[in-house]
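Inspection log for the structure reproduced underneath, given as structure tokens.
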Protein chains: 4
Amino acid sequence: MRMMIVSAISRDTSTCHVLGRLLVDLAAEHDGVEIDFVTPADVNVPPNDGTIPWDLPAAVAWQARVAEAHCHLWVSPEYHSGMTGAMKNLFDYLAKEPLAGDVVGLVALAGGAMAALNTLNGMSVVARSLGAWVAPEMCALNSNDVKDGLDERAVGRLRSMVTSVVDMGRRIYEPPVVVDPVI
Amino acid sequence: MRMMIVSAISRDTSTCHVLGRLLVDLAAEHDGVEIDFVTPADVNVPPNDGTIPWDLPAAVAWQARVAEAHCHLWVSPEYHSGMTGAMKNLFDYLAKEPLAGDVVGLVALAGGAMAALNTLNGMSVVARSLGAWVAPEMCALNSNDVKDGLDERAVGRLRSMVTSVVDMGRRIYEPPVVVDPVI
Amino acid sequence: MRMMIVSAISRDTSTCHVLGRLLVDLAAEHDGVEIDFVTPADVNVPPNDGTIPWDLPAAVAWQARVAEAHCHLWVSPEYHSGMTGAMKNLFDYLAKEPLAGDVVGLVALAGGAMAALNTLNGMSVVARSLGAWVAPEMCALNSNDVKDGLDERAVGRLRSMVTSVVDMGRRIYEPPVVVDPVI
Amino acid sequence: MRMMIVSAISRDTSTCHVLGRLLVDLAAEHDGVEIDFVTPADVNVPPNDGTIPWDLPAAVAWQARVAEAHCHLWVSPEYHSGMTGAMKNLFDYLAKEPLAGDVVGLVALAGGAMAALNTLNGMSVVARSLGAWVAPEMCALNSNDVKDGLDERAVGRLRSMVTSVVDMGRRIYEPPVVVDPVI
């Protein structure tokens with residue numbers, strides 16, 4: 001099973017990128033999960049303002065890369081109560097429901113004590129629109145806590161969410177038998 | 001597997017109730033699914049304004065009834081861009097995450113051409129807060145279309161959503177083997 | 001100018017009611033503002049599940065009471081990521097856009113550190129649907145902080161929001177001259 | 001008074017750009033309103049993925065341009081249930097609450113009959129986070145209707161929203177006298 005982990009921030013010293021790499025470690029605790037770590041710099045598509053050809057090679061490559069994934073973890077800082085435009089821009093290059101049947105886990109980072117719930121909500125609406133099942137265990141974290149090193153409880157919440165995503169992914173993509181015989 | 005179907009409107013001539021009963025029929029197409037059809041009149045709890053004892057017999061009975069369900073379909077008209085307060089009031093009697101591991105399918109009805117998306121969004125936030133997985137195939141319907149009799153395409157969308165909920169419910173509650181061996 | 005302040009909780013020992021009464025005090029700091037403090041117990045309408053006649057005397061009285069207000073402050077605890085059903089139920093008795101041209105300020109209370117943003121969001125969608133302008137200075141508070149007595153900073157945020165609502169209400173309802181001559 | 005009109009799409013043959021120019025015409029019906037029409041191509045900032053210096057000349061120029069506006073109209077197509085990432089990316093270059101005291105009117109375009117309500121909702125959350133008052137008269141339009149030429153009713157709805165934004169902007173920025181004497 002293939003897990004795509006997207007960090008909205010490309011700079012590897014950022015708390016978002018650090019958190020993305022922690023998610024990589026947590027996903028790697030599960031047997032048989034291949035991981036694809038993605039940043040906007042890595043995908044390298046321009047802002048999609050309606051002037052970009054849909055066969056832009058970078059876009060086509062990105063679409064193919066997404067098509068290979070079964071599970072997804074997205075992490076974004078809160079920029080003005082939403083995921084970053086740079087992250088949303090990646091999804092804007094995808095066709096209708098490319099994540100149908102996939103599972104998505106969401107993480108958002110806010111600068112203060114205020115939880116990044118609006119960002120999680122917005123990410124959830126987009127994920128659902130892409131056709132995915134969204135894990136109910138969303139994580140809103142304080143970026144200062146990430147900077148200081150997350151405590152066991154926060155890591156536990158993230159691990160629990162990653163496990164939920166992997167587990168649901170297996171139920172969908174690695175089912176042992178046909179499960180729903182309709183009359 | 002047990003499916004709870006909640007109609008926000010208790011009056012059986014309403015389009016919401018009619019639609020709820022159609023969902024009952026669609027769920028009954030699946031083998032081995034027991035159905036529990038619920039309306040606010042049926043649950044019969046007063047508005048929870050902080051003056052109601054938590055051991056109110058009707059509330060305790062309602063909590064037990066919810067605890068028995070594995071899958072849920074909720075149908076509500078759009079009242080001022082949200083599910084009805086009477087429906088939300090039912091959920092206000094439930095404790096923290098009583099739907100953890102359950103699957104919810106959502107249907108909303110609006111009076112005009114304008115799709116009831118805000119209502120679906122609000123229902124989705126509440127369902128997630130109750131711990132549930134929300135099926136991405138939400139249905140926004142025009143109540144006039146329900147009145148006139150839904151066409152095959154609309155029934156097909158509803159059937160597809162119900163199948164998705166039942167199928168995911170089986171994957172969670174009737175898995176043939178342990179599916180995620182963490183290292 | 002008339003300000004309606006709605007507390008979702010009727011019990012006067014609740015943090016929500018306490019906060020509602022603080023809002024009354026803050027609104028009373030403004031000259032010429034008449035205040036109408038409302039709770040669900042006070043309005044006394046049953047859950048609107050489609051079986052209630054629209055000329056129910058309590059509902060008609062409530063509609064008339066709302067029609068007299070120019071500004072509104074709503075305070076609700078977060079119940080499963082939304083305002084309470086009992087509060088939403090009050091609004092379900094209102095006709096289309098009864099708050100057109102009015103101004104609404106929103107306050108939500110959550111039990112823990114997690115800010116009640118989903119609740120504010122949901123309240124905002126409903127307020128807008130009722131036709132109102134929503135003050136951008138929404139307040140999410142921790143109910144434990146209310147219990148312990150709010151500090152100066154939190155009271156300052158509430159005062160600032162109330163002032164913003166009153167000020168905008170005056171600009172709309174007490175303008176000295178016609179302000180927008182269209183060509 | 002200065003009105004900024006932002007089209008999420010830069011291509012002038014797109015329905016979004018066409019609609020943006022209609023908004024320019026509607027705003028120009030009001031006396032004394034200076035209009036600044038903006039597209040992403042025009043602002044020309046790269047995706048903000050945390051690797052861009054905050055003193056990037058294009059970003060600084062954009063911030064200054066936004067600071068001059070009092071009212072705003074935003075129009076975006078629905079891309080996977082949200083405004084485009086390219087539009088959100090523009091706002092990601094702004095500091096905290098740069099629109100405090102400003103008024104924003106929102107328009108979203110969806111490809112089918114389904115109204116672009118999720119997009120309006122997301123835009124509203126971001127506008128509020130930037131400090132702005134959001135006009136309750138949001139417009140969700142079918143892009144096919146824009147292509148065919150909007151009928152009088154749709155143009156009327158847009159005109160009404162633009163008037164509401166201009167009128168509220170005047171009440172805030174061109175008040176004849178001090179309006180709220182706090183005791």
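Lettering and numbering for the structure tokens are positional, with chains as A, B, ... in the shown order, residues counted from 1 in each chain, and ligands counted from 1 in the shown order.
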
Subject >> Contacts of Trp133 (chain C) at 9 Å (only C-alpha atoms; same-chain gap of 6+ positions) as an NGL selection string >> reply: (:C and (99-105 or 127)) or (:D and (133-136))

Just N, CA and C atoms for this one: save the residues we selected as an mmCIF file, in the first residue's frame.
```cif
data_model
loop_
_atom_site.group_PDB
_atom_site.id
_atom_site.type_symbol
_atom_site.label_atom_id
_atom_site.label_comp_id
_atom_site.auth_asym_id
_atom_site.auth_seq_id
_atom_site.Cartn_x
_atom_site.Cartn_y
_atom_site.Cartn_z
ATOM 1 N N LEU C 99 -33.201 38.930 9.745
ATOM 2 C CA LEU C 99 -32.147 39.773 10.316
ATOM 3 C C LEU C 99 -31.488 40.631 9.228
ATOM 4 N N ALA C 100 -32.130 40.758 8.086
ATOM 5 C CA ALA C 100 -31.539 41.543 6.990
ATOM 6 C C ALA C 100 -31.190 42.943 7.484
ATOM 7 N N GLY C 101 -29.951 43.341 7.274
ATOM 8 C CA GLY C 101 -29.508 44.664 7.689
ATOM 9 C C GLY C 101 -29.080 44.729 9.141
ATOM 10 N N ASP C 102 -29.255 43.639 9.892
ATOM 11 C CA ASP C 102 -28.837 43.626 11.296
ATOM 12 C C ASP C 102 -27.362 43.213 11.423
ATOM 13 N N VAL C 103 -26.834 43.376 12.611
ATOM 14 C CA VAL C 103 -25.443 43.018 12.878
ATOM 15 C C VAL C 103 -25.408 41.989 14.001
ATOM 16 N N VAL C 104 -24.577 40.962 13.827
ATOM 17 C CA VAL C 104 -24.488 39.895 14.822
ATOM 18 C C VAL C 104 -23.046 39.736 15.304
ATOM 19 N N GLY C 105 -22.895 39.620 16.619
ATOM 20 C CA GLY C 105 -21.600 39.275 17.215
ATOM 21 C C GLY C 105 -21.695 37.889 17.824
ATOM 22 N N ALA C 127 -26.175 32.895 10.759
ATOM 23 C CA ALA C 127 -26.448 34.337 10.881
ATOM 24 C C ALA C 127 -26.521 34.997 9.504
ATOM 25 N N TRP D 133 -15.443 42.675 7.050
ATOM 26 C CA TRP D 133 -16.872 42.395 7.125
ATOM 27 C C TRP D 133 -17.285 41.790 5.784
ATOM 28 N N VAL D 134 -17.983 40.666 5.833
ATOM 29 C CA VAL D 134 -18.392 39.986 4.604
ATOM 30 C C VAL D 134 -19.876 40.260 4.340
ATOM 31 N N ALA D 135 -20.180 40.770 3.156
ATOM 32 C CA ALA D 135 -21.578 41.043 2.814
ATOM 33 C C ALA D 135 -22.373 39.736 2.809
ATOM 34 N N PRO D 136 -23.535 39.706 3.485
ATOM 35 C CA PRO D 136 -24.319 38.463 3.509
ATOM 36 C C PRO D 136 -24.863 38.065 2.140
#
```

Subject >> DSSP helix (DSSP H, G or I) residues within region 24-121 of chain B, listed as JSON, numbers by chain >> reply: {"B": [24, 25, 26, 27, 28, 40, 41, 42, 43, 57, 58, 59, 60, 61, 62, 63, 64, 65, 66, 67, 85, 86, 87, 88, 89, 90, 91, 92, 117, 118, 119, 120, 121]}

Residue subset to file, keeping C-alpha atoms, as an mmCIF file, in the first residue's frame:
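Output file part.cif is given in full below:
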```cif
data_model
loop_
_atom_site.group_PDB
_atom_site.id
_atom_site.type_symbol
_atom_site.label_atom_id
_atom_site.label_comp_id
_atom_site.auth_asym_id
_atom_site.auth_seq_id
_atom_site.Cartn_x
_atom_site.Cartn_y
_atom_site.Cartn_z
ATOM 1 C CA VAL B 24 -34.890 2.504 4.475
ATOM 2 C CA ASP B 25 -35.802 0.720 1.231
ATOM 3 C CA LEU B 26 -32.336 1.248 -0.219
ATOM 4 C CA ALA B 27 -30.635 -0.029 2.944
ATOM 5 C CA ALA B 28 -32.955 -3.056 2.938
ATOM 6 C CA PRO B 40 -37.438 13.488 16.759
ATOM 7 C CA ALA B 41 -41.044 12.735 17.766
ATOM 8 C CA ASP B 42 -40.028 9.166 18.308
ATOM 9 C CA VAL B 43 -37.042 10.045 20.552
ATOM 10 C CA PRO B 57 -35.229 8.328 30.763
ATOM 11 C CA ALA B 58 -35.946 9.321 27.155
ATOM 12 C CA ALA B 59 -32.343 10.512 26.776
ATOM 13 C CA VAL B 60 -30.877 7.353 28.312
ATOM 14 C CA ALA B 61 -33.007 5.198 26.012
ATOM 15 C CA TRP B 62 -31.871 7.259 23.021
ATOM 16 C CA GLN B 63 -28.195 6.881 23.962
ATOM 17 C CA ALA B 64 -28.615 3.102 24.218
ATOM 18 C CA ARG B 65 -30.358 3.018 20.858
ATOM 19 C CA VAL B 66 -27.530 4.934 19.187
ATOM 20 C CA ALA B 67 -24.952 2.663 20.815
ATOM 21 C CA GLY B 85 -32.183 22.391 15.551
ATOM 22 C CA ALA B 86 -34.512 19.521 16.407
ATOM 23 C CA MET B 87 -32.095 17.068 14.756
ATOM 24 C CA LYS B 88 -28.997 18.657 16.294
ATOM 25 C CA ASN B 89 -30.797 18.515 19.641
ATOM 26 C CA LEU B 90 -30.900 14.708 19.390
ATOM 27 C CA PHE B 91 -27.121 14.590 19.027
ATOM 28 C CA ASP B 92 -26.691 17.040 21.932
ATOM 29 C CA LEU B 117 -24.320 22.211 0.740
ATOM 30 C CA ASN B 118 -24.000 24.314 3.872
ATOM 31 C CA THR B 119 -26.288 21.872 5.613
ATOM 32 C CA LEU B 120 -24.219 18.889 4.472
ATOM 33 C CA ASN B 121 -21.099 20.653 5.655
#
```

Using only C-alpha atoms, what does the table of chain B residues within 6 Å of chain C look like, with each row giving the shortest atom pair and its distance in Å to one decimal, sorted by chain and ascending number, as CSV?
```
residue,atom,partner,partner_atom,distance
B:Ile9,CA,C:Asp49,CA,4.6
B:Ser10,CA,C:Asp49,CA,5.6
B:Arg11,CA,C:Thr51,CA,5.8
B:Pro47,CA,C:Ala86,CA,4.8
B:Asn48,CA,C:Ala86,CA,5.7
B:Asp49,CA,C:Ile9,CA,4.6
B:Gly50,CA,C:Ile9,CA,5.3
B:Thr51,CA,C:Arg11,CA,5.8
B:His80,CA,C:Ser129,CA,5.4
B:Ser81,CA,C:Val126,CA,5.7
B:Gly85,CA,C:Asn89,CA,4.1
B:Ala86,CA,C:Pro47,CA,4.8
B:Lys88,CA,C:Gly85,CA,4.6
B:Asn89,CA,C:Gly85,CA,4.1
B:Val126,CA,C:Ser81,CA,5.7
B:Ser129,CA,C:His80,CA,5.4
```

**OP:** Give the strand (DSSP E) residues of region 127-175 of chain B, as assigned by DSSP on the backbone, as a list in words.
**Re:**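 Taking region 127-175 of chain B and keeping strand (DSSP E) only, one gets Trp133, Val134, Cys139, Ala140, Leu141 and Asn142 of chain B.
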
**OP:** Have a look at CA of Cys139 (chain C) and CA of Ala116 (chain A) and let me know their distance in Å, one decimal.
**Re:**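 Separating CA of Cys139 (chain C) from CA of Ala116 (chain A) is a distance of 14.7 Å.
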
Counting only C-alpha atoms, what is within 10 Å of Arg2 (chain D), bar same-chain residues fewer than 3 positions away, as a PDB file with C-alpha atoms, in the first residue's frame?
```
ATOM      1  CA  ILE D   5     -11.835  43.548  -7.574  1.00  0.00           C
ATOM      2  CA  GLY D  32     -16.688  58.367  -6.490  1.00  0.00           C
ATOM      3  CA  VAL D  33     -15.580  54.729  -6.431  1.00  0.00           C
ATOM      4  CA  GLU D  34     -12.057  54.164  -7.792  1.00  0.00           C
ATOM      5  CA  ILE D  35     -11.575  50.633  -9.065  1.00  0.00           C
ATOM      6  CA  ASP D  36      -8.492  48.421  -9.039  1.00  0.00           C
ATOM      7  CA  VAL D  66      -4.203  45.987  -0.847  1.00  0.00           C
ATOM      8  CA  GLU D  68      -5.104  51.269  -0.363  1.00  0.00           C
ATOM      9  CA  ALA D  69      -8.443  49.514  -0.819  1.00  0.00           C
ATOM     10  CA  HIS D  70     -11.528  50.001   1.348  1.00  0.00           C
ATOM     11  CA  CYS D  71     -13.866  47.542  -0.334  1.00  0.00           C
ATOM     12  CA  HIS D  72     -13.214  44.255  -2.112  1.00  0.00           C
ATOM     13  CA  VAL D 166     -20.314  50.086  -1.542  1.00  0.00           C
ATOM     14  CA  GLY D 169     -17.996  50.856   2.766  1.00  0.00           C
TER      15      GLY D 169
END
```

Original post:
What is the distance between CA of Tyr173 (chain D) and CA of Ser160 (chain C), in Å to one decimal?
Top reply: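 Interatomic distance, CA of Tyr173 (chain D) to CA of Ser160 (chain C): 18.8 Å.
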